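Text of coords_18.cif, listed as mmCIF, C-alpha atoms:
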```cif
data_work
#
loop_
_atom_site.label_atom_id
_atom_site.label_comp_id
_atom_site.auth_asym_id
_atom_site.auth_seq_id
_atom_site.Cartn_x
_atom_site.Cartn_y
_atom_site.Cartn_z
CA MET U 1 -6.91 30.00 -4.64
CA THR U 2 -3.98 27.65 -4.22
CA LEU U 3 -5.06 24.12 -3.30
CA LYS U 4 -2.87 22.51 -0.63
CA ALA U 5 -2.14 18.92 0.38
CA GLY U 6 0.78 16.99 1.80
CA VAL U 7 2.06 13.84 3.45
CA ILE U 8 2.25 13.42 7.23
CA GLY U 9 4.81 11.17 8.88
CA TRP U 10 7.52 10.92 11.53
CA PRO U 11 10.14 11.00 10.14
CA ILE U 12 9.10 12.19 6.70
CA SER U 13 12.26 13.17 4.81
CA HIS U 14 12.40 9.75 3.09
CA SER U 15 8.95 10.07 1.51
CA LYS U 16 8.70 10.07 -2.28
CA SER U 17 5.11 11.35 -2.20
CA PRO U 18 6.12 15.01 -2.76
CA LEU U 19 8.00 13.97 -5.91
CA ILE U 20 4.96 12.07 -7.22
CA HIS U 21 2.33 14.72 -6.53
CA SER U 22 4.53 17.64 -7.56
CA PHE U 23 5.17 15.89 -10.89
CA TRP U 24 1.41 15.64 -11.49
CA ILE U 25 0.74 19.22 -10.33
CA GLN U 26 3.34 20.55 -12.75
CA SER U 27 2.27 18.28 -15.61
CA LEU U 28 -1.39 19.26 -15.24
CA GLY U 29 -0.66 22.96 -14.71
CA LEU U 30 -2.58 23.14 -11.44
CA ASN U 31 -2.47 25.97 -8.91
CA ALA U 32 -1.63 23.62 -6.08
CA THR U 33 1.12 22.58 -3.66
CA TYR U 34 2.07 19.33 -1.95
CA GLU U 35 4.55 19.20 0.89
CA ALA U 36 6.16 16.85 3.40
CA ILE U 37 4.87 17.50 6.92
CA ALA U 38 6.71 16.08 9.94
CA ILE U 39 4.40 15.58 12.93
CA GLU U 40 5.42 13.74 16.09
CA PRO U 41 2.99 11.00 17.22
CA GLU U 42 1.98 12.88 20.38
CA ASN U 43 1.08 15.94 18.29
CA PHE U 44 -0.74 14.10 15.49
CA VAL U 45 -4.32 15.15 16.29
CA ALA U 46 -3.43 18.81 16.87
CA GLY U 47 -1.27 18.76 13.74
CA VAL U 48 -4.12 17.49 11.54
CA TYR U 49 -6.55 20.12 12.81
CA ASP U 50 -3.89 22.76 12.23
CA LEU U 51 -3.76 21.72 8.56
CA ILE U 52 -7.54 22.14 8.34
CA LYS U 53 -7.23 25.65 9.78
CA LYS U 54 -4.56 26.43 7.20
CA GLY U 55 -6.93 25.49 4.37
CA PHE U 56 -5.46 22.15 3.34
CA GLN U 57 -7.67 19.89 1.20
CA GLY U 58 -6.23 16.79 2.85
CA ALA U 59 -3.12 14.69 3.30
CA ASN U 60 -1.50 11.32 2.83
CA VAL U 61 -0.53 9.54 6.03
CA THR U 62 2.48 7.29 6.46
CA ILE U 63 4.32 5.53 9.30
CA PRO U 64 3.62 5.71 12.21
CA HIS U 65 0.29 7.53 11.90
CA LYS U 66 -2.07 5.28 9.91
CA GLU U 67 -3.93 3.89 12.94
CA ALA U 68 -4.15 7.33 14.58
CA ALA U 69 -5.51 8.70 11.31
CA PHE U 70 -8.21 6.02 11.38
CA GLN U 71 -9.28 7.13 14.86
CA ILE U 72 -9.49 10.84 14.02
CA CYS U 73 -11.89 10.41 11.07
CA ASP U 74 -15.53 11.50 11.17
CA ALA U 75 -16.27 9.10 8.29
CA ARG U 76 -14.33 6.39 6.49
CA SER U 77 -14.51 4.39 3.28
CA GLU U 78 -15.73 0.80 3.58
CA ARG U 79 -12.28 -0.55 2.78
CA ALA U 80 -10.60 1.67 5.38
CA GLN U 81 -13.14 0.43 7.91
CA LYS U 82 -12.24 -3.18 7.12
CA ILE U 83 -8.49 -2.56 7.19
CA GLY U 84 -8.50 -0.50 10.39
CA ALA U 85 -6.00 2.02 9.07
CA VAL U 86 -6.08 5.14 6.90
CA ASN U 87 -3.45 6.46 4.48
CA THR U 88 -5.50 9.24 2.87
CA LEU U 89 -7.32 12.08 4.66
CA VAL U 90 -9.80 14.42 2.96
CA PHE U 91 -10.97 17.60 4.71
CA ARG U 92 -14.54 18.61 3.86
CA LYS U 93 -16.29 21.51 5.63
CA GLY U 94 -14.38 20.89 8.84
CA GLN U 95 -15.01 17.13 8.71
CA ILE U 96 -12.36 14.45 8.15
CA PHE U 97 -12.94 11.60 5.72
CA GLY U 98 -10.47 8.69 5.66
CA ASP U 99 -9.63 6.17 2.96
CA ASN U 100 -7.03 3.45 2.49
CA THR U 101 -5.73 3.25 -1.06
CA ASP U 102 -2.90 0.74 -0.51
CA GLY U 103 -4.91 -2.25 -1.75
CA GLU U 104 -6.11 -0.39 -4.84
CA GLY U 105 -2.55 0.67 -5.60
CA PHE U 106 -1.33 -2.89 -5.15
CA LEU U 107 -3.88 -4.41 -7.53
CA GLN U 108 -3.43 -1.68 -10.13
CA ASN U 109 0.32 -2.26 -10.12
CA ILE U 110 -0.19 -5.98 -10.72
CA THR U 111 -2.77 -5.63 -13.47
CA THR U 112 -0.79 -2.87 -15.23
CA ASN U 113 2.33 -5.01 -15.39
CA HIS U 114 0.53 -8.34 -15.97
CA PRO U 115 -2.85 -7.67 -17.63
CA THR U 116 -3.55 -11.40 -18.03
CA TRP U 117 -3.14 -12.09 -14.30
CA SER U 118 -6.30 -13.18 -12.53
CA VAL U 119 -7.11 -14.00 -8.92
CA LYS U 120 -9.03 -16.98 -10.29
CA ASN U 121 -5.76 -18.65 -11.32
CA GLY U 122 -5.40 -20.28 -7.93
CA PRO U 123 -4.37 -19.72 -4.31
CA ALA U 124 -2.64 -16.49 -3.27
CA LEU U 125 0.04 -16.50 -0.58
CA VAL U 126 0.46 -13.33 1.50
CA ILE U 127 3.63 -13.22 3.60
CA GLY U 128 3.24 -10.97 6.64
CA ALA U 129 0.35 -9.85 8.83
CA GLY U 130 0.93 -6.13 9.29
CA GLY U 131 -0.92 -3.09 7.96
CA ALA U 132 0.11 -3.60 4.33
CA SER U 133 -0.96 -7.23 4.55
CA ARG U 134 -4.42 -6.20 5.78
CA ALA U 135 -4.88 -3.81 2.84
CA ILE U 136 -3.76 -6.40 0.29
CA ILE U 137 -5.91 -9.18 1.78
CA CYS U 138 -8.91 -6.85 1.75
CA ALA U 139 -8.29 -6.03 -1.92
CA LEU U 140 -7.86 -9.70 -2.88
CA ILE U 141 -11.14 -10.57 -1.14
CA GLU U 142 -12.94 -7.72 -2.94
CA VAL U 143 -11.88 -8.99 -6.37
CA GLY U 144 -12.91 -12.55 -5.58
CA CYS U 145 -9.68 -14.41 -4.79
CA PRO U 146 -10.88 -17.97 -4.09
CA GLU U 147 -8.19 -18.83 -1.53
CA ILE U 148 -5.80 -16.63 0.44
CA ARG U 149 -3.03 -18.15 2.53
CA ILE U 150 -1.22 -16.20 5.24
CA TRP U 151 2.21 -16.92 6.58
CA ASN U 152 3.69 -14.84 9.37
CA ARG U 153 6.47 -15.38 11.88
CA THR U 154 4.05 -14.53 14.71
CA PHE U 155 1.20 -17.03 14.90
CA ALA U 156 -1.16 -14.76 16.89
CA ARG U 157 -1.13 -11.90 14.35
CA ALA U 158 -1.88 -14.22 11.45
CA LYS U 159 -4.73 -15.93 13.30
CA ARG U 160 -6.17 -12.54 14.27
CA LEU U 161 -6.30 -11.56 10.61
CA GLN U 162 -8.12 -14.78 9.81
CA SER U 163 -10.72 -14.20 12.52
CA GLU U 164 -11.22 -10.50 11.78
CA PHE U 165 -11.85 -10.94 8.07
CA GLY U 166 -13.96 -13.99 8.79
CA LYS U 167 -13.54 -15.58 5.38
CA PRO U 168 -13.47 -19.38 4.96
CA SER U 169 -11.09 -18.79 2.04
CA LEU U 170 -8.53 -17.16 4.38
CA ALA U 171 -6.17 -19.74 5.89
CA TRP U 172 -3.13 -19.49 8.16
CA MET U 173 -0.22 -21.74 7.17
CA ASP U 174 2.32 -22.98 9.73
CA THR U 175 5.24 -23.39 7.30
CA LEU U 176 6.33 -21.48 4.22
CA ASP U 177 6.88 -24.68 2.26
CA LYS U 178 3.28 -25.75 2.87
CA ALA U 179 2.02 -22.26 2.06
CA CYS U 180 3.83 -22.23 -1.29
CA GLU U 181 2.56 -25.62 -2.39
CA GLY U 182 0.30 -25.09 -5.42
CA ALA U 183 0.09 -21.30 -5.02
CA SER U 184 -0.28 -19.22 -8.18
CA PHE U 185 0.48 -15.84 -6.61
CA LEU U 186 2.93 -14.78 -3.90
CA VAL U 187 3.34 -11.36 -2.31
CA ASN U 188 5.80 -10.34 0.39
CA THR U 189 4.32 -7.57 2.57
CA THR U 190 7.11 -7.63 5.18
CA SER U 191 10.30 -5.54 5.32
CA LEU U 192 12.43 -8.65 4.71
CA GLY U 193 14.60 -8.05 1.67
CA MET U 194 14.64 -4.28 2.14
CA LYS U 195 18.02 -2.59 2.14
CA GLY U 196 19.48 -3.02 5.63
CA GLN U 197 17.11 -5.88 6.53
CA ASP U 198 17.55 -9.65 6.41
CA ASP U 199 16.64 -11.41 3.17
CA LEU U 200 13.43 -13.36 2.81
CA VAL U 201 14.65 -16.94 2.42
CA ILE U 202 12.04 -19.09 0.74
CA ASP U 203 11.91 -22.21 -1.44
CA LEU U 204 9.77 -21.31 -4.45
CA SER U 205 9.83 -24.76 -6.03
CA GLY U 206 6.34 -25.62 -4.71
CA LEU U 207 4.65 -22.76 -6.57
CA ASN U 208 2.50 -23.49 -9.60
CA LYS U 209 4.21 -23.15 -12.95
CA GLY U 210 3.94 -19.54 -14.09
CA ALA U 211 3.05 -18.27 -10.61
CA LEU U 212 3.37 -14.50 -10.25
CA VAL U 213 5.73 -13.22 -7.53
CA THR U 214 5.70 -9.66 -6.20
CA ASP U 215 7.19 -7.68 -3.33
CA ILE U 216 5.93 -4.41 -1.87
CA VAL U 217 9.53 -3.52 -0.94
CA TYR U 218 11.11 -1.24 -3.58
CA THR U 219 14.52 -0.48 -2.08
CA PRO U 220 16.18 -2.26 -3.78
CA LEU U 221 13.86 -2.30 -6.77
CA ILE U 222 14.63 -5.96 -7.46
CA THR U 223 14.71 -7.62 -4.05
CA PRO U 224 16.41 -10.95 -3.29
CA LEU U 225 12.95 -12.57 -3.47
CA LEU U 226 12.35 -11.21 -6.98
CA CYS U 227 15.89 -12.20 -8.02
CA ALA U 228 15.26 -15.76 -6.87
CA ALA U 229 11.86 -15.86 -8.61
CA LYS U 230 13.30 -14.60 -11.90
CA ALA U 231 16.11 -17.14 -11.70
CA SER U 232 13.49 -19.87 -11.31
CA GLY U 233 11.55 -18.63 -14.33
CA PHE U 234 8.62 -16.98 -12.52
CA PRO U 235 7.19 -13.65 -13.73
CA VAL U 236 7.74 -10.85 -11.18
CA VAL U 237 6.41 -7.37 -10.36
CA ASP U 238 8.42 -4.90 -8.28
CA GLY U 239 6.79 -2.85 -5.53
CA PHE U 240 7.50 0.62 -6.87
CA GLY U 241 4.35 0.78 -8.97
CA MET U 242 2.21 0.22 -5.87
CA LEU U 243 3.62 3.44 -4.41
CA LEU U 244 2.70 5.33 -7.57
CA HIS U 245 -0.78 3.88 -8.02
CA GLN U 246 -1.85 4.27 -4.37
CA ALA U 247 -1.25 8.03 -4.77
CA VAL U 248 -3.82 8.44 -7.56
CA PRO U 249 -7.09 8.46 -5.52
CA GLY U 250 -5.78 11.02 -3.02
CA PHE U 251 -4.72 13.41 -5.77
CA GLU U 252 -8.19 13.14 -7.28
CA TYR U 253 -9.86 13.74 -3.90
CA TRP U 254 -7.91 16.94 -3.25
CA PHE U 255 -7.43 18.47 -6.68
CA GLY U 256 -10.43 17.18 -8.65
CA VAL U 257 -8.36 15.60 -11.45
CA ARG U 258 -7.44 11.93 -11.80
CA PRO U 259 -3.74 11.73 -12.74
CA ALA U 260 -2.07 8.99 -14.76
CA VAL U 261 0.77 6.72 -13.73
CA THR U 262 3.16 6.80 -16.67
CA GLU U 263 6.65 5.56 -17.45
CA LYS U 264 7.76 9.20 -17.44
CA LEU U 265 6.54 9.56 -13.84
CA ARG U 266 8.19 6.31 -12.80
CA LYS U 267 11.54 7.38 -14.26
CA ALA U 268 11.30 10.86 -12.72
CA VAL U 269 10.65 9.54 -9.20
CA LEU U 270 13.24 6.76 -9.44
CA LYS U 271 15.82 9.29 -10.62
#
```

Target encoding structure tokens, full file:
Amino acid sequence: MTLKAGVIGWPISHSKSPLIHSFWIQSLGLNATYEAIAIEPENFVAGVYDLIKKGFQGANVTIPHKEAAFQICDARSERAQKIGAVNTLVFRKGQIFGDNTDGEGFLQNITTNHPTWSVKNGPALVIGAGGASRAIICALIEVGCPEIRIWNRTFARAKRLQSEFGKPSLAWMDTLDKACEGASFLVNTTSLGMKGQDDLVIDLSGLNKGALVTDIVYTPLITPLLCAAKASGFPVVDGFGMLLHQAVPGFEYWFGVRPAVTEKLRKAVLK
């Protein structure tokens, strides 16, 4: 029997997930397929149940379906429940299980590139208050980050995050300069700096010496934020590894094998 999975989005032609999963399928010699599946928002529920009827093991979910995927689930992982969004669906005996692997992918990317990095080094600054921000904040809380600062252009969204997670260590900051002061870790979760978007303009001089700077944007691979951080002598991590690492749990759910994120995979997908 051929095992089947895919990625659902609208549009979906830009997704690199088929490249990632097809690389693993071929490398591991599995009898499996992974495809890009375009489903319009108004047809999302019917489209998911159609995949179940067709014998799919599950699917990744990308923009704009992550909240709708959360709603359709019969059961969810604890982290997906906290985040309020799902990026991985698993079909089991007609039931739908949902997980969110973005936070796991984010942390794995950081620790792979900087094994000595620790959340205990000091405050973390998360820029943005969208879905990716929620996943990353949830992951930082899980690994014991002592203080998480949020900065977002919209006050209400940042305050809502603070109230929903209900952690004393989670603080909204009214200015970027104040948020950077004494921080040992900075992550941009917004689209600022992405090709075609405005740059993220930020003064990094207030960061702790040796602070780690990362960006979940990976087009371009080295964003203006990372360029500025490197020029100031800060270690940086690009966002491409997060994309690769967040794919690992889903592959294991559907195909029963845990794949590895390797330099060969990274080069193949970037190419």

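Running the PyMOL selection byres ((chain U and resi 151) around 8) on this file leaves Leu125, Val126, Ile127, Gly128, Ala129, Arg149, Ile150, Asn152, Arg153, Ala158, Trp172, Met173, Asp174, Thr175, Leu176 and Ala179 of chain U selected.
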
Chain and number of each residue from the PyMOL selection byres ((chain U and resi 186) around 7), as a VMD selection string: chain U and resid 124 to 126 184 to 185 187 to 188 212 to 214

Write the residues of the selection above to a file with C-alpha atoms, as a PDB file, in the coordinates of the input.
```pdb
ATOM      1  CA  ALA U 124      -2.640 -16.490  -3.270  1.00  0.00           C
ATOM      2  CA  LEU U 125       0.040 -16.500  -0.580  1.00  0.00           C
ATOM      3  CA  VAL U 126       0.460 -13.330   1.500  1.00  0.00           C
ATOM      4  CA  SER U 184      -0.280 -19.220  -8.180  1.00  0.00           C
ATOM      5  CA  PHE U 185       0.480 -15.840  -6.610  1.00  0.00           C
ATOM      6  CA  VAL U 187       3.340 -11.360  -2.310  1.00  0.00           C
ATOM      7  CA  ASN U 188       5.800 -10.340   0.390  1.00  0.00           C
ATOM      8  CA  LEU U 212       3.370 -14.500 -10.250  1.00  0.00           C
ATOM      9  CA  VAL U 213       5.730 -13.220  -7.530  1.00  0.00           C
ATOM     10  CA  THR U 214       5.700  -9.660  -6.200  1.00  0.00           C
TER      11      THR U 214
END
```

Close residues, stretch 239-248 of chain U itself excluded, 8 Å, all atoms listed in the file, min 3 positions apart in chain, as a VMD selection string: chain U and resid 17 20 to 21 101 to 109 214 to 218 221 251 to 252 258 to 261 266

Residue IDs satisfying the PyMOL selection byres ((chain U and resi 82) around 9), as a list in words: Ser77, Glu78, Arg79, Ala80, Gln81, Ile83, Gly84, Ala85, Arg134, Ala135, Cys138, Glu164 and Phe165 of chain U

If you keep C-alpha atoms, can you produce a file of those selected residues as an mmCIF file, keeping the file's coordinate frame?
```cif
data_model
loop_
_atom_site.group_PDB
_atom_site.id
_atom_site.type_symbol
_atom_site.label_atom_id
_atom_site.label_comp_id
_atom_site.auth_asym_id
_atom_site.auth_seq_id
_atom_site.Cartn_x
_atom_site.Cartn_y
_atom_site.Cartn_z
ATOM 1 C CA SER U 77 -14.510 4.390 3.280
ATOM 2 C CA GLU U 78 -15.730 0.800 3.580
ATOM 3 C CA ARG U 79 -12.280 -0.550 2.780
ATOM 4 C CA ALA U 80 -10.600 1.670 5.380
ATOM 5 C CA GLN U 81 -13.140 0.430 7.910
ATOM 6 C CA ILE U 83 -8.490 -2.560 7.190
ATOM 7 C CA GLY U 84 -8.500 -0.500 10.390
ATOM 8 C CA ALA U 85 -6.000 2.020 9.070
ATOM 9 C CA ARG U 134 -4.420 -6.200 5.780
ATOM 10 C CA ALA U 135 -4.880 -3.810 2.840
ATOM 11 C CA CYS U 138 -8.910 -6.850 1.750
ATOM 12 C CA GLU U 164 -11.220 -10.500 11.780
ATOM 13 C CA PHE U 165 -11.850 -10.940 8.070
#
```

Could you jot down the atom CA of U:Lys4 to atom CA of U:Phe91 separation for me, Å, one decimal place? 10.9 Å

Closest of U:Ile148, U:Thr219, U:Ala156, U:Leu200 to U:Ile136 - atom-to-atom distances counting all atoms listed in the file: U:Ile148

For U:Gly122: contacts at 10 Å, only C-alpha atoms, fewer than 5 positions along chain excluded, given as a VMD selection string: chain U and resid 145 to 148 182 to 185 208 211
